[in-house]
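Everything on this sheet refers to the single structure shown next.
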Amino acid sequence: MGALQLSQWQFGITTVYHFLFVPITLGTVWLVAGFQTAWVRTGKVEYLQLTKFFGKLFLINFAMGVVTGIVQEFQFGMNWSEYSRFVGDVFGAPLAMEGLLAFFLESTFLGLWIFGWDRLPKKLHLATIWAAAAGTALSAYFILAANSFMQHPVGYEIDPETGRAVLNNIGEVLFQNTALIAFFHTLSASFLVSGAFVAGIAAWQITKNRQVNVFRKAAKAGAWTVLVAAVLVSISGDMDMKIMVQQQPMKVAAAEALYTTQTEAPFSILTIGTPGGESATDIITIPGLLSWLATGSTSGEVQGIDNLQQEYLQTYSQYGPDQNYIPNIPVTYWSFRLMIGLGMLAALWAIWALWALRGDRVPKGRFFSLSSAAILFFPLFGISFGWIFTEMGRQPWVVFGQQLTADANSPLLSSAEVWITMIGFTLVYAVLAIIEVGLMVKYIKAGAPEDVVHDPYEESKKDDKQLYFAY
């Protein structure tokens with residue numbers, strides 16, 4: 001493989017690895033804030049135990065997300081310098097806002113939450129975790145606004161002298177419908193992941209007969225979060241699909257392996273095609289469903305891959321008559337279905353868990369225990385497949401309609417240099433994975449802390465502790 005293909009693999013691997021921690025962090029912080037709020041309002045020590053327990057797991061994932069996310073910034077300059085040169089003025093603006101505003105907001109208030117347990121007034125300390133949660137959401141929004149510019153570039157003009165994209169409307173970049181819907185969809189999917197994370201761990205503890213009265217509350221809260229989030233994911237996904245068919249119709253056609261333009265286009269549950277995706281044979285289909293997803297009508301017209309290829313050859317004739325505008329069909333087709341299927345499995349498990357936990361019942365059995373552990377990964381992998389679909393479905397564009405991925409690579413980069421960094425990242429990430437898994441398993445097995453002070457704020461008054469910084 002050449003430097004371009006290796007750079008694509010490297011960015012894909014590091015991004016997917018980094019994103020494993022993002023949705024857990026993004027949603028779990030709100031659940032932790034909810035547990036702490038319940039404790040402040042009711043005074044029940046079980047909610048304080050859950051706050052401490054899941055707060056520790058959240059912090060581990062937050063730290064891992066920060067460490068692995070730094071690598072992404074370096075790759076823009078190292079591997080994708082032509083991309084950075086072309087749209088750096090536009091793409092960099094929301095990323096700068098994320099770093100200077102959102103990240104400092106979440107990290108500052110998270111620090112106050114960590115070290116202010118017995119030093120800040122109870123309600124003020126509670127406010128810090130809510131502020132940190134708002135910071136994580138704001139951080140996600142800025143990053144998604146930057147990514148949405150790659151999907152649907154707006155708010156810029158091309159400088160005729162330099163050939164670079166110049167920002168001329170930051171409001172368009174930040175608040176275009178692509179960014180708004182992407183945020184709605186990603187945030188609701190993150191709650192799906194975090195709900196399964198909390199419910200799965202809590203249910204597993206219950207099957208081991210560990211602190212049942214404590215973890216029952218978490219299991220039910222997590223399961224209800226999954227169900228509500230599943231509804232929101234479905235609504236936002238439908239909205240996203242209808243925007244996508246207007247902005248990136250090739251991605252919609254690739255998601256269904258639809259080669260010819262059709263009205264009443266079906267949605268296939270199973271398709272068998274050639275390894276390269278040049279053709280497809282539907283095995284199980286739902287008539288008219290793709291048309292409804294794309295247009296809101298079962299008789300709506302959906303453009304096909306072959307038709308769009310010919311249209312793009314005329315629209316983007318400057319790239320030559322042999323340019324292939326068709327993304328990898330097997331990857332887009334199956335990642336789209338795995339995204340939906342794994343999310344639906346999580347919702348079905350949540351319904352089962354709520355039924356098994358009704359009243360004072362304590363579900364037991366090896367299957368419930370194993371499924372509780374497995375459900376942690378289903379929506380997490382589902383949201384990862386969703387991002388693979390989003391990015392792979394945009395190919396061969398790095399900025400849709402403006403820059404091909406093949407033109408975005410660093411021109412002087414060699415294959416050997418990419419191999420060296422890729423191997424280095426792999427080794428570092430392997431070590432981080434061992435640390436992450438080791439810490440998570442250790443603290444999950446330890447369970448919720450038994451020695452928590454019923455009201456640490458009242459206890460702190462006896463010692464007259466103060467919050468201070470030393471350097």
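In the structure tokens, chains take letters A, B, ... by order of appearance, with residues numbered from 1 within each chain and ligands from 1 in the order shown.
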Which residues in segment 274-455 of chain A does DSSP call strand (DSSP E)? List them as a PyMOL selection string.
chain A and resi 280-286+301-302+397-399+403-404
What does the file look like for those residues with N, CA and C atoms, as a PDB file, in the first residue's frame?
ATOM      1  N   ALA A 280     -25.318  -6.416  -6.782  1.00  0.00           N
ATOM      2  CA  ALA A 280     -25.948  -6.947  -5.575  1.00  0.00           C
ATOM      3  C   ALA A 280     -27.249  -7.635  -5.930  1.00  0.00           C
ATOM      4  N   THR A 281     -27.549  -8.689  -5.172  1.00  0.00           N
ATOM      5  CA  THR A 281     -28.803  -9.421  -5.330  1.00  0.00           C
ATOM      6  C   THR A 281     -29.533  -9.410  -4.000  1.00  0.00           C
ATOM      7  N   ASP A 282     -30.721  -8.818  -3.987  1.00  0.00           N
ATOM      8  CA  ASP A 282     -31.505  -8.748  -2.753  1.00  0.00           C
ATOM      9  C   ASP A 282     -32.088 -10.116  -2.417  1.00  0.00           C
ATOM     10  N   ILE A 283     -31.991 -10.462  -1.137  1.00  0.00           N
ATOM     11  CA  ILE A 283     -32.541 -11.737  -0.661  1.00  0.00           C
ATOM     12  C   ILE A 283     -33.804 -11.505   0.155  1.00  0.00           C
ATOM     13  N   ILE A 284     -33.716 -10.596   1.135  1.00  0.00           N
ATOM     14  CA  ILE A 284     -34.864 -10.256   1.972  1.00  0.00           C
ATOM     15  C   ILE A 284     -35.054  -8.753   1.913  1.00  0.00           C
ATOM     16  N   THR A 285     -36.201  -8.281   1.454  1.00  0.00           N
ATOM     17  CA  THR A 285     -36.435  -6.843   1.295  1.00  0.00           C
ATOM     18  C   THR A 285     -37.776  -6.427   1.885  1.00  0.00           C
ATOM     19  N   ILE A 286     -37.852  -5.149   2.224  1.00  0.00           N
ATOM     20  CA  ILE A 286     -39.112  -4.535   2.661  1.00  0.00           C
ATOM     21  C   ILE A 286     -39.488  -3.501   1.604  1.00  0.00           C
ATOM     22  N   GLU A 301     -38.749   8.804  -5.152  1.00  0.00           N
ATOM     23  CA  GLU A 301     -37.658   8.368  -6.019  1.00  0.00           C
ATOM     24  C   GLU A 301     -36.325   8.459  -5.275  1.00  0.00           C
ATOM     25  N   VAL A 302     -35.532   7.395  -5.380  1.00  0.00           N
ATOM     26  CA  VAL A 302     -34.187   7.355  -4.794  1.00  0.00           C
ATOM     27  C   VAL A 302     -33.204   7.105  -5.925  1.00  0.00           C
ATOM     28  N   TRP A 397     -14.465  11.652  -1.400  1.00  0.00           N
ATOM     29  CA  TRP A 397     -14.267  13.037  -0.993  1.00  0.00           C
ATOM     30  C   TRP A 397     -13.760  13.104   0.439  1.00  0.00           C
ATOM     31  N   VAL A 398     -12.845  14.036   0.700  1.00  0.00           N
ATOM     32  CA  VAL A 398     -12.526  14.384   2.077  1.00  0.00           C
ATOM     33  C   VAL A 398     -13.367  15.586   2.491  1.00  0.00           C
ATOM     34  N   VAL A 399     -13.578  16.528   1.569  1.00  0.00           N
ATOM     35  CA  VAL A 399     -14.569  17.596   1.717  1.00  0.00           C
ATOM     36  C   VAL A 399     -15.498  17.458   0.523  1.00  0.00           C
ATOM     37  N   GLN A 403     -12.801  18.664  -2.353  1.00  0.00           N
ATOM     38  CA  GLN A 403     -11.456  18.096  -2.335  1.00  0.00           C
ATOM     39  C   GLN A 403     -11.539  16.577  -2.226  1.00  0.00           C
ATOM     40  N   LEU A 404     -10.855  15.890  -3.139  1.00  0.00           N
ATOM     41  CA  LEU A 404     -10.780  14.436  -3.092  1.00  0.00           C
ATOM     42  C   LEU A 404      -9.787  14.001  -2.025  1.00  0.00           C
TER      43      LEU A 404
END
In segment 275-407 of chain A, DSSP alpha helix (DSSP H) residues written as number ranges by chain:
A: 289-295, 305-315, 329-356, 366-374, 378-392
Counting only C-alpha atoms, the option among A:Ile420, A:Val154, A:Ala133, A:Ala93 closest to Leu105 of chain A
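Ranking A:Ile420, A:Val154, A:Ala133, A:Ala93 by distance to Leu105 of chain A, first place goes to A:Ala133.
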Counting only C-alpha atoms, which residues of segment 14-71 of chain A fall within 12 Å of segment 356-377 of chain A, and what is the closest atom pair for each with its distance in Å at one decimal, ordered by chain and rising number, as CSV?
residue,atom,partner,partner_atom,distance
A:Leu20,CA,A:Phe377,CA,9.6
A:Phe21,CA,A:Phe377,CA,11.6
A:Pro23,CA,A:Phe377,CA,11.6
A:Ile24,CA,A:Leu376,CA,9.9
Do you know which residues are at most 6 Å from Gly155 of chain A counting only C-alpha atoms, after dropping those on the same chain fewer than 4 positions away, and could you put them as a compact mmCIF listing (two decimals) with N, CA and C atoms, in the first residue's frame?
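Heads up, here's the output in around33.txt:
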# COMPACT_ATOMS: atom_id res chain seq x y z
N ASN A 168 -16.12 32.76 5.70
CA ASN A 168 -16.81 34.05 5.58
C ASN A 168 -18.12 34.11 6.34
N ASN A 169 -18.52 32.97 6.97
CA ASN A 169 -19.75 32.97 7.75
C ASN A 169 -19.68 31.85 8.79
N GLU A 172 -23.01 29.98 9.63
CA GLU A 172 -23.43 28.89 8.74
C GLU A 172 -22.71 27.59 9.09
N VAL A 173 -21.42 27.69 9.36
CA VAL A 173 -20.64 26.50 9.69
C VAL A 173 -21.17 25.86 10.98
Find the residues near Ala202 of chain A: any atom within 9 Å, counting only C-alpha atoms, skip ones fewer than 2 places away on the same chain, and give them as number ranges by chain.
A: 197-200, 204-207, 212, 214-220, 222, 372
Ser190 of chain A: which residues within 12 Å, counting only C-alpha atoms, same-chain residues fewer than 5 positions away excluded, as a ChimeraX atom specification?
/A:19-31,136-137,140,182-185,195-197,225-226,228-230,232-233,343,379-384,386
Give me, please, the distance in Å between atom CA of Thr332 of chain A and atom CA of Gln8 of chain A, quoted to one decimal.
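Computed distance, atom CA of Thr332 of chain A to atom CA of Gln8 of chain A, equals 15.9 Å.
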Could you state the separation of atom CA of Leu338 of chain A and atom CA of Val32 of chain A in Å, given to one decimal place?
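Taking atom CA of Leu338 of chain A and atom CA of Val32 of chain A, their separation equals 28.7 Å.
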Neighbours of Leu50 of chain A within 7 Å (only C-alpha atoms; same-chain residues fewer than 4 positions away dropped), as a short mmCIF file (atom, residue, chain, number, x, y, z; two decimals) with N, CA and C atoms, in the first residue's frame?
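Contents of around-v2.cif, freshly written:
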data_model
loop_
_atom_site.label_atom_id
_atom_site.label_comp_id
_atom_site.auth_asym_id
_atom_site.auth_seq_id
_atom_site.Cartn_x
_atom_site.Cartn_y
_atom_site.Cartn_z
N PHE A 35 -27.53 10.76 39.22
CA PHE A 35 -27.42 10.03 40.48
C PHE A 35 -27.09 10.98 41.63
N GLU A 46 -27.64 5.22 48.77
CA GLU A 46 -27.45 4.38 47.57
C GLU A 46 -27.09 5.23 46.35
N PHE A 54 -19.95 4.98 39.44
CA PHE A 54 -19.95 5.27 38.01
C PHE A 54 -19.14 6.53 37.69
N ALA A 448 -19.72 -0.79 44.32
CA ALA A 448 -19.93 0.55 44.86
C ALA A 448 -19.30 0.65 46.23
#
Do a neighbour search on segment 317-325 of chain A at 8 Å with only C-alpha atoms, toss out local chain neighbours closer than 6 positions, and write the hits as a list of chain:residue names.
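My reading of the contact set: A:Gln309, A:Gln395, A:Pro396.
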A:Phe336, A:Leu290, A:Pro249, A:Pro330: which is nearest Ile305 of chain A, counting only C-alpha atoms?
A:Pro249
What does the structure give for the distance between atom CA of Glu157 of chain A and atom CA of Gln246 of chain A, in Å to one decimal?
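So the answer is 21.3 Å.
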